[in-house]
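One file, input-v5.cif, carrying mmCIF, C-alpha atoms:
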data_final
#
loop_
_atom_site.group_PDB
_atom_site.id
_atom_site.type_symbol
_atom_site.label_atom_id
_atom_site.label_comp_id
_atom_site.auth_asym_id
_atom_site.auth_seq_id
_atom_site.Cartn_x
_atom_site.Cartn_y
_atom_site.Cartn_z
ATOM 1 C CA MET A 1 -127.362 24.541 -18.420
ATOM 2 C CA THR A 2 -127.827 28.064 -19.479
ATOM 3 C CA GLY A 3 -124.676 30.231 -19.390
ATOM 4 C CA PRO A 4 -124.495 33.852 -18.320
ATOM 5 C CA ALA A 5 -126.100 36.290 -20.665
ATOM 6 C CA LEU A 6 -123.723 38.356 -22.743
ATOM 7 C CA THR A 7 -124.517 42.002 -23.389
ATOM 8 C CA GLU A 8 -123.389 43.234 -26.766
ATOM 9 C CA ALA A 9 -122.635 46.899 -27.270
ATOM 10 C CA THR A 10 -125.097 48.416 -29.723
ATOM 11 C CA PRO A 11 -124.825 51.666 -31.652
ATOM 12 C CA GLU A 12 -127.324 53.153 -29.182
ATOM 13 C CA THR A 13 -125.306 52.269 -26.067
ATOM 14 C CA ALA A 14 -121.866 53.313 -27.409
ATOM 15 C CA PRO A 15 -122.524 57.100 -27.393
ATOM 16 C CA ALA A 16 -123.912 56.814 -23.863
ATOM 17 C CA ALA A 17 -120.725 55.068 -22.706
ATOM 18 C CA GLU A 18 -118.583 57.714 -24.393
ATOM 19 C CA ALA A 19 -120.645 60.445 -22.744
ATOM 20 C CA ASP A 20 -120.119 58.779 -19.353
ATOM 21 C CA ASP A 21 -116.371 58.638 -19.982
ATOM 22 C CA ARG A 22 -116.270 62.332 -20.930
ATOM 23 C CA SER A 23 -118.340 63.223 -17.878
ATOM 24 C CA GLY A 24 -115.986 61.244 -15.639
ATOM 25 C CA THR A 25 -112.967 62.946 -17.207
ATOM 26 C CA ARG A 26 -114.489 66.390 -16.667
ATOM 27 C CA GLN A 27 -115.299 65.540 -13.064
ATOM 28 C CA ALA A 28 -111.736 64.320 -12.474
ATOM 29 C CA ARG A 29 -110.303 67.497 -13.998
ATOM 30 C CA ALA A 30 -112.647 69.647 -11.932
ATOM 31 C CA ALA A 31 -111.661 67.772 -8.788
ATOM 32 C CA GLY A 32 -107.977 68.230 -9.660
ATOM 33 C CA ARG A 33 -108.477 71.962 -10.188
ATOM 34 C CA GLY A 34 -110.343 72.158 -6.888
ATOM 35 C CA ARG A 35 -107.492 70.438 -5.044
ATOM 36 C CA GLY A 36 -104.974 72.721 -6.749
ATOM 37 C CA THR A 37 -106.952 75.822 -5.744
ATOM 38 C CA ARG A 38 -107.272 74.658 -2.136
ATOM 39 C CA ARG A 39 -103.571 73.900 -2.002
ATOM 40 C CA ALA A 40 -102.675 77.302 -3.443
ATOM 41 C CA VAL A 41 -104.921 79.049 -0.918
ATOM 42 C CA SER A 42 -103.465 77.030 1.956
ATOM 43 C CA LEU A 43 -99.943 77.999 0.877
ATOM 44 C CA ALA A 44 -100.694 81.684 0.292
ATOM 45 C CA LEU A 45 -102.935 82.355 3.274
ATOM 46 C CA PRO A 46 -100.351 82.154 6.121
ATOM 47 C CA PRO A 47 -97.866 84.683 4.660
ATOM 48 C CA VAL A 48 -100.735 86.982 3.637
ATOM 49 C CA LEU A 49 -102.064 86.933 7.190
ATOM 50 C CA VAL A 50 -98.592 87.651 8.616
ATOM 51 C CA VAL A 51 -98.133 90.619 6.255
ATOM 52 C CA ALA A 52 -101.619 91.906 7.137
ATOM 53 C CA VAL A 53 -100.834 91.748 10.857
ATOM 54 C CA LEU A 54 -97.489 93.538 10.380
ATOM 55 C CA LEU A 55 -99.129 96.278 8.310
ATOM 56 C CA ALA A 56 -101.876 96.683 10.929
ATOM 57 C CA VAL A 57 -99.290 97.042 13.703
ATOM 58 C CA TRP A 58 -97.313 99.513 11.592
ATOM 59 C CA GLN A 59 -100.428 101.579 10.829
ATOM 60 C CA THR A 60 -101.519 101.566 14.469
ATOM 61 C CA TYR A 61 -98.115 102.647 15.727
ATOM 62 C CA THR A 62 -97.671 105.521 13.277
ATOM 63 C CA SER A 63 -101.196 106.787 13.963
ATOM 64 C CA ALA A 64 -101.044 106.465 17.750
ATOM 65 C CA ALA A 65 -97.527 107.881 18.127
ATOM 66 C CA HIS A 66 -98.054 110.658 15.528
ATOM 67 C CA VAL A 67 -94.804 109.753 13.795
ATOM 68 C CA ASP A 68 -93.475 112.313 11.325
ATOM 69 C CA PRO A 69 -94.212 110.956 7.800
ATOM 70 C CA THR A 70 -90.753 111.972 6.629
ATOM 71 C CA THR A 71 -89.344 109.583 9.249
ATOM 72 C CA LEU A 72 -91.794 106.671 9.027
ATOM 73 C CA PRO A 73 -94.920 107.035 6.873
ATOM 74 C CA SER A 74 -97.929 104.867 7.560
ATOM 75 C CA PRO A 75 -98.802 102.046 5.147
ATOM 76 C CA TRP A 76 -101.943 103.914 4.146
ATOM 77 C CA ARG A 77 -99.937 107.024 3.256
ATOM 78 C CA VAL A 78 -97.490 104.903 1.233
ATOM 79 C CA LEU A 79 -100.409 103.372 -0.664
ATOM 80 C CA VAL A 80 -102.136 106.696 -1.330
ATOM 81 C CA GLN A 81 -98.992 108.554 -2.381
ATOM 82 C CA GLY A 82 -97.831 105.630 -4.489
ATOM 83 C CA TRP A 83 -101.164 105.599 -6.311
ATOM 84 C CA GLN A 84 -101.079 109.349 -6.858
ATOM 85 C CA ASN A 85 -97.568 109.079 -8.277
ATOM 86 C CA ARG A 86 -98.238 105.838 -10.162
ATOM 87 C CA ARG A 87 -97.233 107.316 -13.522
ATOM 88 C CA ASP A 88 -93.749 108.257 -12.283
ATOM 89 C CA LEU A 89 -93.419 104.891 -10.561
ATOM 90 C CA TRP A 90 -94.415 103.066 -13.751
ATOM 91 C CA ASN A 91 -92.006 105.090 -15.880
ATOM 92 C CA SER A 92 -89.237 104.191 -13.414
ATOM 93 C CA THR A 93 -90.263 100.540 -13.307
ATOM 94 C CA LEU A 94 -89.940 99.972 -17.056
ATOM 95 C CA PRO A 95 -86.135 100.512 -17.225
ATOM 96 C CA THR A 96 -85.685 98.255 -14.189
ATOM 97 C CA LEU A 97 -87.736 95.520 -15.853
ATOM 98 C CA GLN A 98 -85.701 95.887 -19.029
ATOM 99 C CA GLU A 99 -82.434 95.543 -17.110
ATOM 100 C CA THR A 100 -83.811 92.574 -15.162
ATOM 101 C CA ALA A 101 -84.963 90.742 -18.290
ATOM 102 C CA ALA A 102 -81.770 91.405 -20.244
ATOM 103 C CA GLY A 103 -79.437 90.542 -17.381
ATOM 104 C CA PHE A 104 -81.332 87.423 -16.414
ATOM 105 C CA GLY A 105 -81.462 86.282 -20.024
ATOM 106 C CA MET A 106 -77.683 86.580 -20.200
ATOM 107 C CA SER A 107 -77.381 84.699 -16.909
ATOM 108 C CA PHE A 108 -79.733 81.964 -18.147
ATOM 109 C CA VAL A 109 -77.737 81.305 -21.320
ATOM 110 C CA ALA A 110 -74.374 81.456 -19.532
ATOM 111 C CA ALA A 111 -75.555 79.136 -16.751
ATOM 112 C CA TRP A 112 -76.666 76.441 -19.214
ATOM 113 C CA LEU A 113 -73.471 76.664 -21.240
ATOM 114 C CA VAL A 114 -71.199 76.482 -18.193
ATOM 115 C CA ALA A 115 -73.232 73.748 -16.474
ATOM 116 C CA VAL A 116 -73.160 71.571 -19.604
ATOM 117 C CA LEU A 117 -69.429 72.165 -19.928
ATOM 118 C CA LEU A 118 -68.902 71.159 -16.289
ATOM 119 C CA ASP A 119 -70.924 68.007 -16.836
ATOM 120 C CA PHE A 120 -69.128 66.957 -20.002
ATOM 121 C CA SER A 121 -65.589 67.791 -18.925
ATOM 122 C CA ALA A 122 -63.999 66.669 -15.669
ATOM 123 C CA ILE A 123 -61.071 69.018 -16.343
ATOM 124 C CA ALA A 124 -63.442 71.978 -16.696
ATOM 125 C CA ARG A 125 -65.270 70.915 -13.528
ATOM 126 C CA ARG A 126 -62.062 70.803 -11.501
ATOM 127 C CA SER A 127 -60.808 74.053 -13.009
ATOM 128 C CA LEU A 128 -63.892 76.251 -13.176
ATOM 129 C CA TYR A 129 -66.124 75.228 -10.281
ATOM 130 C CA PRO A 130 -63.780 76.565 -7.565
ATOM 131 C CA LEU A 131 -63.591 79.841 -9.480
ATOM 132 C CA LEU A 132 -67.373 80.018 -9.618
ATOM 133 C CA VAL A 133 -67.554 79.553 -5.861
ATOM 134 C CA ALA A 134 -64.835 82.170 -5.344
ATOM 135 C CA SER A 135 -66.747 84.629 -7.516
ATOM 136 C CA GLN A 136 -69.498 84.685 -4.904
ATOM 137 C CA THR A 137 -67.086 86.117 -2.341
ATOM 138 C CA ILE A 138 -66.607 89.299 -4.410
ATOM 139 C CA PRO A 139 -69.053 91.951 -3.125
ATOM 140 C CA ILE A 140 -71.207 93.388 -5.884
ATOM 141 C CA VAL A 141 -71.178 96.681 -4.003
ATOM 142 C CA ALA A 142 -67.509 96.974 -4.958
ATOM 143 C CA VAL A 143 -67.851 95.678 -8.515
ATOM 144 C CA ALA A 144 -70.902 97.668 -9.645
ATOM 145 C CA PRO A 145 -69.236 101.119 -9.566
ATOM 146 C CA LEU A 146 -66.281 99.734 -11.513
ATOM 147 C CA LEU A 147 -68.609 98.375 -14.191
ATOM 148 C CA ILE A 148 -70.202 101.811 -14.471
ATOM 149 C CA ILE A 149 -66.754 103.396 -14.868
ATOM 150 C CA TRP A 150 -65.699 100.855 -17.508
ATOM 151 C CA PHE A 151 -68.922 100.597 -19.535
ATOM 152 C CA GLY A 152 -70.798 103.824 -18.819
ATOM 153 C CA PHE A 153 -74.405 104.445 -17.787
ATOM 154 C CA GLY A 154 -76.103 102.340 -20.442
ATOM 155 C CA LEU A 155 -77.855 99.003 -20.263
ATOM 156 C CA PHE A 156 -74.826 96.704 -20.475
ATOM 157 C CA PRO A 157 -73.289 97.313 -17.008
ATOM 158 C CA LYS A 158 -76.742 96.793 -15.411
ATOM 159 C CA MET A 159 -77.020 93.513 -17.274
ATOM 160 C CA LEU A 160 -73.636 92.442 -15.932
ATOM 161 C CA VAL A 161 -74.632 93.223 -12.336
ATOM 162 C CA VAL A 162 -77.846 91.205 -12.685
ATOM 163 C CA THR A 163 -75.886 88.362 -14.283
ATOM 164 C CA LEU A 164 -73.342 88.342 -11.461
ATOM 165 C CA ALA A 165 -76.145 88.258 -8.896
ATOM 166 C CA THR A 166 -78.066 85.387 -10.514
ATOM 167 C CA PHE A 167 -75.524 83.280 -12.400
ATOM 168 C CA PHE A 168 -74.136 81.070 -9.626
ATOM 169 C CA PRO A 169 -77.410 79.627 -8.183
ATOM 170 C CA LEU A 170 -78.561 78.660 -11.678
ATOM 171 C CA THR A 171 -75.242 77.073 -12.630
ATOM 172 C CA ALA A 172 -74.730 75.225 -9.345
ATOM 173 C CA ASN A 173 -78.251 73.764 -9.337
ATOM 174 C CA LEU A 174 -78.045 72.729 -12.990
ATOM 175 C CA ALA A 175 -74.702 71.012 -12.438
ATOM 176 C CA ALA A 176 -76.113 69.198 -9.393
ATOM 177 C CA GLY A 177 -79.179 68.166 -11.414
ATOM 178 C CA PHE A 178 -77.077 66.728 -14.234
ATOM 179 C CA ALA A 179 -75.002 64.784 -11.703
ATOM 180 C CA SER A 180 -78.166 63.317 -10.113
ATOM 181 C CA ALA A 181 -79.194 61.469 -13.287
ATOM 182 C CA ASP A 182 -79.792 57.741 -13.085
ATOM 183 C CA ARG A 183 -76.500 56.082 -14.020
ATOM 184 C CA GLU A 184 -78.206 52.811 -14.931
ATOM 185 C CA ALA A 185 -80.472 54.598 -17.414
ATOM 186 C CA MET A 186 -77.443 56.278 -18.944
ATOM 187 C CA ARG A 187 -75.642 52.941 -19.293
ATOM 188 C CA LEU A 188 -78.737 51.348 -20.819
ATOM 189 C CA LEU A 189 -79.070 54.033 -23.463
ATOM 190 C CA ARG A 190 -75.387 53.902 -24.289
ATOM 191 C CA SER A 191 -75.572 50.090 -24.591
ATOM 192 C CA LEU A 192 -78.462 50.508 -27.037
ATOM 193 C CA GLY A 193 -76.281 52.660 -29.242
ATOM 194 C CA ALA A 194 -77.342 56.137 -28.121
ATOM 195 C CA GLY A 195 -74.609 58.737 -28.363
ATOM 196 C CA ARG A 196 -73.535 60.787 -25.389
ATOM 197 C CA LEU A 197 -75.473 63.845 -26.526
ATOM 198 C CA ARG A 198 -78.676 61.884 -27.001
ATOM 199 C CA ALA A 199 -78.307 60.165 -23.631
ATOM 200 C CA PHE A 200 -77.640 63.564 -22.058
ATOM 201 C CA ARG A 201 -80.777 65.001 -23.641
ATOM 202 C CA MET A 202 -83.020 62.066 -22.730
ATOM 203 C CA VAL A 203 -81.805 61.346 -19.178
ATOM 204 C CA ARG A 204 -79.653 64.054 -17.680
ATOM 205 C CA VAL A 205 -81.658 67.089 -18.810
ATOM 206 C CA PRO A 206 -85.024 65.788 -17.473
ATOM 207 C CA SER A 207 -83.312 64.790 -14.217
ATOM 208 C CA ALA A 208 -81.915 68.298 -13.847
ATOM 209 C CA MET A 209 -85.236 70.109 -14.308
ATOM 210 C CA PRO A 210 -86.365 70.104 -10.640
ATOM 211 C CA TYR A 211 -82.912 71.361 -9.625
ATOM 212 C CA PHE A 212 -83.022 73.966 -12.365
ATOM 213 C CA PHE A 213 -86.336 75.391 -11.199
ATOM 214 C CA ALA A 214 -85.106 75.447 -7.610
ATOM 215 C CA GLY A 215 -82.130 77.527 -8.731
ATOM 216 C CA LEU A 216 -84.384 79.630 -10.954
ATOM 217 C CA ARG A 217 -86.536 80.607 -7.987
ATOM 218 C CA VAL A 218 -83.498 81.651 -5.971
ATOM 219 C CA SER A 219 -81.979 83.600 -8.846
ATOM 220 C CA ILE A 220 -85.126 85.394 -9.945
ATOM 221 C CA THR A 221 -85.539 86.975 -6.521
ATOM 222 C CA TYR A 222 -82.029 88.422 -6.845
ATOM 223 C CA ALA A 223 -82.580 89.736 -10.364
ATOM 224 C CA VAL A 224 -84.803 92.741 -9.611
ATOM 225 C CA VAL A 225 -82.775 93.678 -6.534
ATOM 226 C CA GLY A 226 -79.579 93.412 -8.596
ATOM 227 C CA ALA A 227 -81.014 95.754 -11.230
ATOM 228 C CA VAL A 228 -82.064 98.292 -8.588
ATOM 229 C CA PHE A 229 -78.649 98.139 -6.959
ATOM 230 C CA ALA A 230 -76.955 98.649 -10.329
ATOM 231 C CA GLU A 231 -79.067 101.779 -10.779
ATOM 232 C CA TYR A 232 -77.928 103.000 -7.388
ATOM 233 C CA ALA A 233 -74.344 102.681 -8.599
ATOM 234 C CA GLY A 234 -75.088 104.807 -11.640
ATOM 235 C CA ALA A 235 -77.972 105.143 -14.082
ATOM 236 C CA GLU A 236 -80.175 107.644 -15.847
ATOM 237 C CA SER A 237 -83.529 106.114 -14.882
ATOM 238 C CA GLY A 238 -85.070 103.225 -12.974
ATOM 239 C CA LEU A 239 -86.425 102.449 -9.532
ATOM 240 C CA GLY A 240 -82.976 102.846 -7.974
ATOM 241 C CA ILE A 241 -82.658 106.392 -9.314
ATOM 242 C CA TYR A 242 -86.257 107.110 -8.270
ATOM 243 C CA MET A 243 -85.531 105.995 -4.704
ATOM 244 C CA GLN A 244 -82.439 108.169 -4.565
ATOM 245 C CA ALA A 245 -84.338 111.223 -5.830
ATOM 246 C CA GLN A 246 -87.196 110.765 -3.375
ATOM 247 C CA LYS A 247 -84.818 110.164 -0.485
ATOM 248 C CA SER A 248 -83.060 113.446 -1.289
ATOM 249 C CA ALA A 249 -86.471 115.177 -1.306
ATOM 250 C CA PHE A 250 -87.368 113.606 2.081
ATOM 251 C CA ARG A 251 -90.288 111.760 0.456
ATOM 252 C CA THR A 252 -89.916 108.627 2.538
ATOM 253 C CA ASP A 253 -93.422 107.554 1.571
ATOM 254 C CA LEU A 254 -92.456 107.361 -2.105
ATOM 255 C CA VAL A 255 -89.237 105.536 -1.237
ATOM 256 C CA PHE A 256 -91.391 102.912 0.504
ATOM 257 C CA ALA A 257 -93.723 102.853 -2.502
ATOM 258 C CA ALA A 258 -90.793 102.106 -4.810
ATOM 259 C CA VAL A 259 -89.598 99.399 -2.415
ATOM 260 C CA ALA A 260 -93.098 97.901 -2.476
ATOM 261 C CA VAL A 261 -93.046 97.874 -6.289
ATOM 262 C CA THR A 262 -89.684 96.095 -6.197
ATOM 263 C CA ALA A 263 -91.071 93.490 -3.786
ATOM 264 C CA VAL A 264 -94.189 92.938 -5.904
ATOM 265 C CA LEU A 265 -92.085 92.445 -9.037
ATOM 266 C CA SER A 266 -89.855 89.910 -7.278
ATOM 267 C CA ILE A 267 -92.844 87.993 -5.877
ATOM 268 C CA ALA A 268 -94.564 87.996 -9.273
ATOM 269 C CA LEU A 269 -91.467 86.630 -11.001
ATOM 270 C CA PHE A 270 -91.044 84.053 -8.235
ATOM 271 C CA GLY A 271 -94.634 82.893 -8.711
ATOM 272 C CA ALA A 272 -94.172 82.782 -12.483
ATOM 273 C CA THR A 273 -91.477 80.134 -12.056
ATOM 274 C CA TYR A 274 -94.073 77.759 -10.572
ATOM 275 C CA LEU A 275 -96.418 78.374 -13.495
ATOM 276 C CA LEU A 276 -93.582 77.767 -15.935
ATOM 277 C CA GLN A 277 -92.643 74.565 -14.131
ATOM 278 C CA ARG A 278 -96.222 73.279 -14.338
ATOM 279 C CA LEU A 279 -96.324 74.017 -18.064
ATOM 280 C CA LEU A 280 -92.947 72.449 -18.880
ATOM 281 C CA LEU A 281 -93.056 69.509 -16.448
ATOM 282 C CA PRO A 282 -96.665 68.233 -16.505
ATOM 283 C CA TRP A 283 -95.579 64.781 -15.336
ATOM 284 C CA GLU A 284 -94.667 66.220 -11.933
ATOM 285 C CA ARG A 285 -98.302 67.137 -11.324
ATOM 286 C CA ALA A 286 -99.391 63.630 -12.320
ATOM 287 C CA ASN A 287 -96.860 62.097 -9.936
ATOM 288 C CA HIS A 288 -97.967 64.459 -7.169
ATOM 289 C CA ARG A 289 -101.620 63.453 -7.650
ATOM 290 C CA GLU A 290 -100.704 59.768 -7.595
ATOM 291 C CA ASP A 291 -98.715 60.229 -4.365
ATOM 292 C CA HIS A 292 -101.705 61.893 -2.684
ATOM 293 C CA SER A 293 -104.434 59.707 -4.120
#
For this file, produce the structure as structure tokens.
Amino acid sequence: MTGPALTEATPETAPAAEADDRSGTRQARAAGRGRGTRRAVSLALPPVLVVAVLLAVWQTYTSAAHVDPTTLPSPWRVLVQGWQNRRDLWNSTLPTLQETAAGFGMSFVAAWLVAVLLDFSAIARRSLYPLLVASQTIPIVAVAPLLIIWFGFGLFPKMLVVTLATFFPLTANLAAGFASADREAMRLLRSLGAGRLRAFRMVRVPSAMPYFFAGLRVSITYAVVGAVFAEYAGAESGLGIYMQAQKSAFRTDLVFAAVAVTAVLSIALFGATYLLQRLLLPWERANHREDHS
């Protein structure tokens, strides 16, 4: 009886198989990018349509009712005047970005230090966490002028205001993420001789990452607004000062333009957190594809 014929790979067939594998990999990557693009469009399209409808209603109302531009400028006027004054807007945006970056950097470092301390020490958790919650009941509108009085009109008091506005969401979400770690995995590592720091780094930190990015998205939207509010309390330059100057000059259109710049900055920073999450946590994308395959 003759058995089944066996096909042996030859030097000629091996490159063809490798080429097929590379082609399949490229097709899979292209399909993944296509799904990601469609998903991004499906997420972005509804809010874009809502904003477009609101702007159309606003434009129609101001045009039909002949509203005084100093009271309520049309969206088109805001766009045109903002573009014509783009240099002044940009020069005012740079100090606000500097304050946002510096204050949020301070908040980022402080949040990690405090969250790790809360996770490692039950005494610190019982002592500090209620104080952190209580700190959120203090209105920044009352604290910001005091910081200006104590520290002057420089960068540092603006950093403190941004830190106060963004610190708690980051810390609370990080602490919750550390607490959500798999206890069995922690026990397994400790039984294998891993120290507490190594077990923390290998289990608790990865478990906290989704919580961290959730808190990051909440905090980053407060950061720009916190910087602008700090400028309102007292500053030499920035979008807050620009808004005050234009309001005093009855240039409502430029006030709206500065508000639009603030909104765009906040949305851009919010979107950047998703990009950062995809870069730092690539396994989440793989898990998401598996769940939807």
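Atom CA of A:Pro169 to atom CA of A:Val218 spans 6.8 Å [interatomic distance, one decimal].
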Polymer residues at most 12 Å from A:Ala230, all atoms listed in the file, same-chain spacing of 3 or more positions, as a PDB file with C-alpha atoms, keeping the file's coordinate frame:
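Result written to part_2.pdb:
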ATOM      1  CA  PRO A  95     -86.135 100.512 -17.225  1.00  0.00           C
ATOM      2  CA  THR A  96     -85.685  98.255 -14.189  1.00  0.00           C
ATOM      3  CA  GLU A  99     -82.434  95.543 -17.110  1.00  0.00           C
ATOM      4  CA  THR A 100     -83.811  92.574 -15.162  1.00  0.00           C
ATOM      5  CA  GLY A 103     -79.437  90.542 -17.381  1.00  0.00           C
ATOM      6  CA  ILE A 140     -71.207  93.388  -5.884  1.00  0.00           C
ATOM      7  CA  VAL A 141     -71.178  96.681  -4.003  1.00  0.00           C
ATOM      8  CA  ALA A 142     -67.509  96.974  -4.958  1.00  0.00           C
ATOM      9  CA  VAL A 143     -67.851  95.678  -8.515  1.00  0.00           C
ATOM     10  CA  ALA A 144     -70.902  97.668  -9.645  1.00  0.00           C
ATOM     11  CA  PRO A 145     -69.236 101.119  -9.566  1.00  0.00           C
ATOM     12  CA  LEU A 146     -66.281  99.734 -11.513  1.00  0.00           C
ATOM     13  CA  LEU A 147     -68.609  98.375 -14.191  1.00  0.00           C
ATOM     14  CA  ILE A 148     -70.202 101.811 -14.471  1.00  0.00           C
ATOM     15  CA  GLY A 152     -70.798 103.824 -18.819  1.00  0.00           C
ATOM     16  CA  PHE A 153     -74.405 104.445 -17.787  1.00  0.00           C
ATOM     17  CA  GLY A 154     -76.103 102.340 -20.442  1.00  0.00           C
ATOM     18  CA  LEU A 155     -77.855  99.003 -20.263  1.00  0.00           C
ATOM     19  CA  PHE A 156     -74.826  96.704 -20.475  1.00  0.00           C
ATOM     20  CA  PRO A 157     -73.289  97.313 -17.008  1.00  0.00           C
ATOM     21  CA  LYS A 158     -76.742  96.793 -15.411  1.00  0.00           C
ATOM     22  CA  MET A 159     -77.020  93.513 -17.274  1.00  0.00           C
ATOM     23  CA  LEU A 160     -73.636  92.442 -15.932  1.00  0.00           C
ATOM     24  CA  VAL A 161     -74.632  93.223 -12.336  1.00  0.00           C
ATOM     25  CA  VAL A 162     -77.846  91.205 -12.685  1.00  0.00           C
ATOM     26  CA  THR A 163     -75.886  88.362 -14.283  1.00  0.00           C
ATOM     27  CA  LEU A 164     -73.342  88.342 -11.461  1.00  0.00           C
ATOM     28  CA  ALA A 165     -76.145  88.258  -8.896  1.00  0.00           C
ATOM     29  CA  TYR A 222     -82.029  88.422  -6.845  1.00  0.00           C
ATOM     30  CA  ALA A 223     -82.580  89.736 -10.364  1.00  0.00           C
ATOM     31  CA  VAL A 224     -84.803  92.741  -9.611  1.00  0.00           C
ATOM     32  CA  VAL A 225     -82.775  93.678  -6.534  1.00  0.00           C
ATOM     33  CA  GLY A 226     -79.579  93.412  -8.596  1.00  0.00           C
ATOM     34  CA  ALA A 227     -81.014  95.754 -11.230  1.00  0.00           C
ATOM     35  CA  ALA A 233     -74.344 102.681  -8.599  1.00  0.00           C
ATOM     36  CA  GLY A 234     -75.088 104.807 -11.640  1.00  0.00           C
ATOM     37  CA  ALA A 235     -77.972 105.143 -14.082  1.00  0.00           C
ATOM     38  CA  GLU A 236     -80.175 107.644 -15.847  1.00  0.00           C
ATOM     39  CA  SER A 237     -83.529 106.114 -14.882  1.00  0.00           C
ATOM     40  CA  GLY A 238     -85.070 103.225 -12.974  1.00  0.00           C
ATOM     41  CA  LEU A 239     -86.425 102.449  -9.532  1.00  0.00           C
ATOM     42  CA  GLY A 240     -82.976 102.846  -7.974  1.00  0.00           C
ATOM     43  CA  ILE A 241     -82.658 106.392  -9.314  1.00  0.00           C
TER      44      ILE A 241
END
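Note that atom CA of A:Ser63 and atom CA of A:Gln246 are 22.6 Å apart.
One distance worth recording is that between atom CA of A:Arg187 and atom CA of A:Val203, which is 10.4 Å.
Between A:Leu117 and the candidates A:Ala258, A:Ala175, A:Leu188, A:Ala52, the tightest atom-to-atom separation, counting all atoms listed in the file, involves A:Ala175.
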Quick check on the file I pasted: which residues fall under the PyMOL selection byres ((chain A and resi 185) around 12)? Write them as a VMD selection string.
chain A and resid 180 to 184 186 to 192 194 199 to 200 202 to 204 207
Explicit residues for the PyMOL selection byres ((chain A and resi 69) around 10) (as number ranges by chain):
A: 62, 66-68, 70-74, 77-78, 250-253
Name the closest residue to A:Thr273 among the candidates A:Val255, A:Ala56, A:Val133, A:Leu216; distances are taken between atoms, counting only C-alpha atoms.
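Between A:Val255, A:Ala56, A:Val133, A:Leu216, the residue approaching A:Thr273 most closely is A:Leu216.
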Any chance you could work out the residue set of the PyMOL selection byres ((chain A and resi 257) around 12) here, as a PyMOL selection string?
chain A and resi 73-86+88-90+92-93+239+242-243+246-247+251-256+258-264
Rank A:Val51, A:Ala245, A:Ala172, A:Ser266 by their smallest atom-to-atom distance to A:Val114, using only C-alpha atoms, and report the top residue only.
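Going through A:Val51, A:Ala245, A:Ala172, A:Ser266 one by one, the smallest distance to A:Val114 is for A:Ala172.
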Which polymer residues have any atom within 8 Å of an atom of A:Ala111, counting all atoms listed in the file, with same-chain residues fewer than 5 positions away left out, as number ranges by chain?
A: 167-168, 170-171, 174
With distances taken over all atoms listed in the file, which of A:Leu280, A:Ala44, A:Ile149, A:Ile123 is nearest to A:Phe213?
A:Leu280
